[in-house]
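**Q** My structure file protein-v6.pdb, PDB, C-alpha atoms and all ligand atoms, is below:
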ATOM      1  CA  MET A   1      12.121  15.590  -8.748
ATOM      2  CA  SER A   2       9.543  18.354  -8.625
ATOM      3  CA  SER A   3       7.540  18.940  -5.494
ATOM      4  CA  ASP A   4       4.370  17.519  -7.044
ATOM      5  CA  ALA A   5       6.062  14.387  -8.351
ATOM      6  CA  GLY A   6       4.040  12.150  -6.045
ATOM      7  CA  LEU A   7       0.668  13.201  -7.351
ATOM      8  CA  ALA A   8       2.026  13.396 -10.884
ATOM      9  CA  PHE A   9       2.924   9.705 -10.597
ATOM     10  CA  LEU A  10      -0.664   8.941  -9.615
ATOM     11  CA  SER A  11      -1.869  10.997 -12.563
ATOM     12  CA  LEU A  12      -0.096   8.830 -15.107
ATOM     13  CA  PRO A  13      -2.400   7.389 -17.747
ATOM     14  CA  HIS A  14      -3.273   3.726 -17.910
ATOM     15  CA  THR A  15      -0.952   1.273 -19.549
ATOM     16  CA  SER A  16      -2.392  -1.976 -20.872
ATOM     17  CA  TRP A  17      -1.057  -3.656 -17.744
ATOM     18  CA  THR A  18      -2.654  -1.203 -15.278
ATOM     19  CA  ARG A  19      -5.972  -1.682 -17.135
ATOM     20  CA  VAL A  20      -5.710  -5.419 -16.526
ATOM     21  CA  ARG A  21      -4.632  -4.863 -12.933
ATOM     22  CA  THR A  22      -7.590  -2.548 -12.310
ATOM     23  CA  ALA A  23     -10.041  -5.088 -13.720
ATOM     24  CA  ILE A  24      -8.502  -7.960 -11.733
ATOM     25  CA  ASN A  25      -8.661  -6.020  -8.472
ATOM     26  CA  TRP A  26     -12.355  -5.290  -9.049
ATOM     27  CA  VAL A  27     -13.157  -8.901  -9.857
ATOM     28  CA  ASN A  28     -11.140 -10.310  -6.954
ATOM     29  CA  LEU A  29     -13.043  -7.912  -4.668
ATOM     30  CA  SER A  30      -9.958  -6.262  -3.181
ATOM     31  CA  THR A  31     -10.764  -2.822  -4.653
ATOM     32  CA  PRO A  32     -14.424  -2.905  -3.482
ATOM     33  CA  LEU A  33     -13.125  -3.915  -0.036
ATOM     34  CA  GLY A  34     -10.562  -1.093  -0.074
ATOM     35  CA  LEU A  35     -13.262   1.430  -0.991
ATOM     36  CA  ALA A  36     -15.474   0.100   1.816
ATOM     37  CA  VAL A  37     -12.606   0.362   4.334
ATOM     38  CA  ALA A  38     -11.844   3.917   3.180
ATOM     39  CA  ARG A  39     -15.487   4.933   3.361
ATOM     40  CA  PHE A  40     -15.877   3.349   6.793
ATOM     41  CA  GLY A  41     -12.844   5.354   7.920
ATOM     42  CA  GLY A  42     -14.449   8.578   6.736
ATOM     43  CA  ALA A  43     -11.803   9.138   4.071
ATOM     44  CA  THR A  44     -12.187  11.367   1.037
ATOM     45  CA  ILE A  45     -11.750   9.179  -2.026
ATOM     46  CA  VAL A  46     -10.493  10.505  -5.353
ATOM     47  CA  ARG A  47      -9.812   8.516  -8.497
ATOM     48  CA  ARG A  48      -6.238   8.793  -9.669
ATOM     49  CA  GLY A  49      -4.325   7.532 -12.658
ATOM     50  CA  ARG A  50      -3.354   3.918 -13.318
ATOM     51  CA  GLY A  51      -6.715   2.765 -11.946
ATOM     52  CA  THR A  52      -5.884   3.756  -8.399
ATOM     53  CA  HIS A  53      -7.971   5.520  -5.795
ATOM     54  CA  LEU A  54      -6.369   7.745  -3.197
ATOM     55  CA  ALA A  55      -8.304   7.912   0.068
ATOM     56  CA  THR A  56      -7.151  10.645   2.427
ATOM     57  CA  GLY A  57      -8.224  11.770   5.876
ATOM     58  CA  TYR A  58      -8.788   8.204   7.116
ATOM     59  CA  ARG A  59      -9.614   8.616  10.777
ATOM     60  CA  PHE A  60      -8.528   5.377  12.442
ATOM     61  CA  GLY A  61      -5.076   4.758  13.931
ATOM     62  CA  PHE A  62      -5.005   1.169  12.686
ATOM     63  CA  PRO A  63      -3.048  -0.049  10.842
ATOM     64  CA  GLN A  64      -0.095   1.971  12.055
ATOM     65  CA  ALA A  65       1.307   3.147   8.742
ATOM     66  CA  SER A  66       1.502   6.470   6.957
ATOM     67  CA  ALA A  67      -0.353   4.773   4.119
ATOM     68  CA  PHE A  68      -1.691   1.310   3.374
ATOM     69  CA  THR A  69      -3.209  -0.284   0.335
ATOM     70  CA  VAL A  70      -6.197  -2.565  -0.162
ATOM     71  CA  GLY A  71      -6.735  -3.559  -3.779
ATOM     72  CA  SER A  72      -6.153  -0.476  -5.919
ATOM     73  CA  VAL A  73      -7.059   1.853  -3.052
ATOM     74  CA  ILE A  74      -4.252   3.703  -1.251
ATOM     75  CA  ILE A  75      -5.521   4.827   2.147
ATOM     76  CA  SER A  76      -3.984   7.354   4.507
ATOM     77  CA  ALA A  77      -4.802   9.603   7.433
ATOM     78  CA  GLN A  78      -2.829  12.343   5.665
ATOM     79  CA  ASP A  79      -4.322  14.832   3.231
ATOM     80  CA  LEU A  80      -3.764  15.060  -0.506
ATOM     81  CA  ALA A  81      -1.029  17.698  -0.238
ATOM     82  CA  TRP A  82       1.014  15.415   2.018
ATOM     83  CA  PHE A  83       1.505  13.067  -0.954
ATOM     84  CA  ASP A  84       2.933  15.819  -3.169
ATOM     85  CA  ASP A  85       6.545  14.984  -2.396
ATOM     86  CA  ARG A  86       6.061  11.309  -1.576
ATOM     87  CA  LEU A  87       6.681   9.752  -4.959
ATOM     88  CA  ILE A  88       8.741   6.902  -3.515
ATOM     89  CA  LEU A  89       6.091   5.940  -0.961
ATOM     90  CA  LEU A  90       3.396   6.040  -3.661
ATOM     91  CA  ARG A  91       5.499   3.783  -5.883
ATOM     92  CA  HIS A  92       5.767   1.396  -2.923
ATOM     93  CA  GLU A  93       1.982   1.429  -2.405
ATOM     94  CA  ASP A  94       1.440   1.049  -6.154
ATOM     95  CA  ARG A  95       3.477  -2.187  -5.989
ATOM     96  CA  HIS A  96       1.030  -3.423  -3.349
ATOM     97  CA  CYS A  97      -1.809  -2.724  -5.836
ATOM     98  CA  THR A  98      -0.018  -5.064  -8.224
ATOM     99  CA  GLN A  99       0.489  -7.673  -5.486
ATOM    100  CA  TYR A 100      -3.280  -7.795  -4.923
ATOM    101  CA  ALA A 101      -3.758  -8.631  -8.581
ATOM    102  CA  PHE A 102      -1.292 -11.515  -8.331
ATOM    103  CA  ALA A 103      -2.328 -12.758  -4.881
ATOM    104  CA  LEU A 104      -6.020 -13.310  -5.684
ATOM    105  CA  GLY A 105      -7.236 -10.130  -4.071
ATOM    106  CA  VAL A 106      -8.783 -10.652  -0.673
ATOM    107  CA  VAL A 107      -6.737 -13.852  -0.308
ATOM    108  CA  MET A 108      -3.748 -11.542   0.022
ATOM    109  CA  LEU A 109      -4.964 -10.259   3.388
ATOM    110  CA  PRO A 110      -4.474 -13.532   5.336
ATOM    111  CA  LEU A 111      -1.224 -14.100   3.418
ATOM    112  CA  TYR A 112      -0.089 -10.603   4.394
ATOM    113  CA  VAL A 113      -0.994 -11.290   8.037
ATOM    114  CA  LEU A 114       1.018 -14.514   7.832
ATOM    115  CA  GLY A 115       3.955 -12.484   6.483
ATOM    116  CA  VAL A 116       3.597 -10.099   9.417
ATOM    117  CA  ALA A 117       3.596 -13.040  11.853
ATOM    118  CA  VAL A 118       6.720 -14.586  10.338
ATOM    119  CA  SER A 119       8.454 -11.220  10.390
ATOM    120  CA  TYR A 120       7.526 -10.673  14.038
ATOM    121  CA  VAL A 121       8.951 -14.038  15.035
ATOM    122  CA  LEU A 122      12.209 -13.460  13.149
ATOM    123  CA  ALA A 123      12.705  -9.750  13.535
ATOM    124  CA  GLY A 124      10.226  -8.316  16.043
ATOM    125  CA  ASP A 125       8.698  -5.984  13.464
ATOM    126  CA  HIS A 126       6.048  -6.421  10.805
ATOM    127  CA  SER A 127       8.118  -5.572   7.756
ATOM    128  CA  SER A 128      11.646  -7.035   7.821
ATOM    129  CA  TYR A 129      10.738 -10.597   6.774
ATOM    130  CA  ASN A 130       7.316  -9.910   5.318
ATOM    131  CA  PRO A 131       7.630 -10.944   1.653
ATOM    132  CA  PHE A 132       5.003  -8.412   0.541
ATOM    133  CA  GLU A 133       6.902  -5.501   2.082
ATOM    134  CA  ARG A 134      10.262  -6.831   0.857
ATOM    135  CA  LEU A 135       8.928  -7.075  -2.705
ATOM    136  CA  ALA A 136       7.368  -3.610  -2.539
ATOM    137  CA  GLY A 137      10.695  -2.202  -1.294
ATOM    138  CA  LEU A 138      11.358  -1.762   2.437
ATOM    139  CA  ALA A 139      13.201   1.527   2.128
ATOM    140  CA  ASP A 140      10.561   2.902  -0.247
ATOM    141  CA  GLY A 141       7.909   2.184   2.382
ATOM    142  CA  ASN A 142       9.976   3.975   5.045
ATOM    143  CA  TYR A 143      10.786   0.700   6.758
ATOM    144  CA  PRO A 144      14.144   0.043   8.419
ATOM    145  CA  PRO A 145      16.571  -2.370   6.763
ATOM    146  CA  PRO A 146      15.833  -6.000   7.640
ATOM    147  CA  ARG A 147      17.421  -7.371  10.767
ATOM    148  CA  THR A 148      16.706 -10.265  13.081
ATOM    149  CA  ARG A 149      15.906 -10.162  16.782
ATOM    150  CA  PHE A 150      19.176 -11.959  17.394
ATOM    151  CA  ALA A 151      21.290  -9.294  15.747
ATOM    152  CA  ARG A 152      19.657  -6.405  17.504
ATOM    153  CA  ARG A 153      21.662  -4.394  19.983
ATOM    154  CA  PRO A 154      19.986  -2.900  23.040
TER
HETATM  155 ZN    ZN B   1       4.120  -1.573   2.200
END
Take the structure in the file and give it back as structure tokens.
**A**
Amino acid sequence: MSSDAGLAFLSLPHTSWTRVRTAINWVNLSTPLGLAVARFGGATIVRRGRGTHLATGYRFGFPQASAFTVGSVIISAQDLAWFDDRLILLRHEDRHCTQYAFALGVVMLPLYVLGVAVSYVLAGDHSSYNPFERLAGLADGNYPPPRTRFARRP
């Protein structure tokens, strides 16, 4: 894997599926919302391949994640260079872009919050039993393997 594999992934051309995904995420308003969130956070937004936008330099500490995705917009407090060797994380975020297309866009946000709540009850963290994070790949998103509160050792 070359050192610029992350950004190379986001430079891939459209496939017919990513064209559909891009259109769906505009129509279901998740991409406009993501762009608004990024702009509100003072991020620099660049268009990338596969219909994605990469918004870097986001200035708020919430949500607590190295990157998060709203619609086809991947948002991060990091700068562009930070993504150079983060192919796996970008693949994870790209899966979230796809989830927005399937989960009716902005409707995904309350569903995601519900997933966070369920995961907190079962595991005490927001990812372990959150179906959206499980489907996007926990390890790829730098999340720990799933575990329950009951199994945890002090
Ligand atoms: Zn994720």
**Q** Could you write out as a PyMOL selection string the residues that the PyMOL selection byres (((chain A and resi 105) around 12) and not hetatm) matches in the shown file?
**A** chain A and resi 21-34+69-72+96-104+106-112
**Q** Set the cut-off to 6 Å, count all atoms listed in the file, and list whatever residues fall near ligand ZN 1 (chain B) as a list in words.
**A** Glu93, Glu133 and Gly141 of chain A
**Q** Can you pull out the residues contacting Thr15 in chain A? Cut-off 8 Å, using all atoms listed in the file, and skip same-chain residues under 3 positions away; I want them as a ChimeraX atom specification.
**A** /A:18-19,50
**Q** If the PyMOL selection byres (((chain A and resi 66) around 10) and not hetatm) is run on the structure shown, which residues does it catch, given as number ranges by chain?
**A** A: 61, 63-65, 67-68, 75-78, 89, 141-142
**Q** Translate the PyMOL selection byres (((chain A and resi 11) around 6) and not hetatm), as applied to the file shown, into an explicit residue set as a list in words.
**A**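 Evaluating the PyMOL selection byres (((chain A and resi 11) around 6) and not hetatm) on this file yields Ala8, Phe9, Leu10, Leu12, Arg48 and Gly49 of chain A.
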**Q** What is the distance between CA of Asp79 in chain A and CA of Pro13 in chain A, in Å to one decimal?
**A**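 Taking CA of Asp79 in chain A and CA of Pro13 in chain A, their separation equals 22.3 Å.
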**Q** Report the distance between CA of Phe40 in chain A and CA of Leu7 in chain A in Å, rounded to one decimal place.
**A** 23.9 Å
**Q** So which residues touch Ser128 in chain A within 12 Å, counting only C-alpha atoms, skipping near sequence neighbours fewer than 3 positions away, as a ChimeraX atom specification?
**A** /A:115-125,131-139,141-149
**Q** Check the smallest atom-to-atom distance from each of A:Gly6, A:Gly41, A:Gly57, A:Gly51 to Leu87 in chain A using all atoms listed in the file, then report the winner.
**A** A:Gly6
**Q** Could you work out how far CA of Arg91 in chain A lies from CA of Trp17 in chain A, giving the answer in Å with one decimal?
**A**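 So the answer is 15.5 Å.
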**Q** Which of these, A:Phe62, A:Ile74, A:His126, A:His14, has the shortest distance to Leu35 in chain A once you count all atoms listed in the file?
**A** A:Ile74
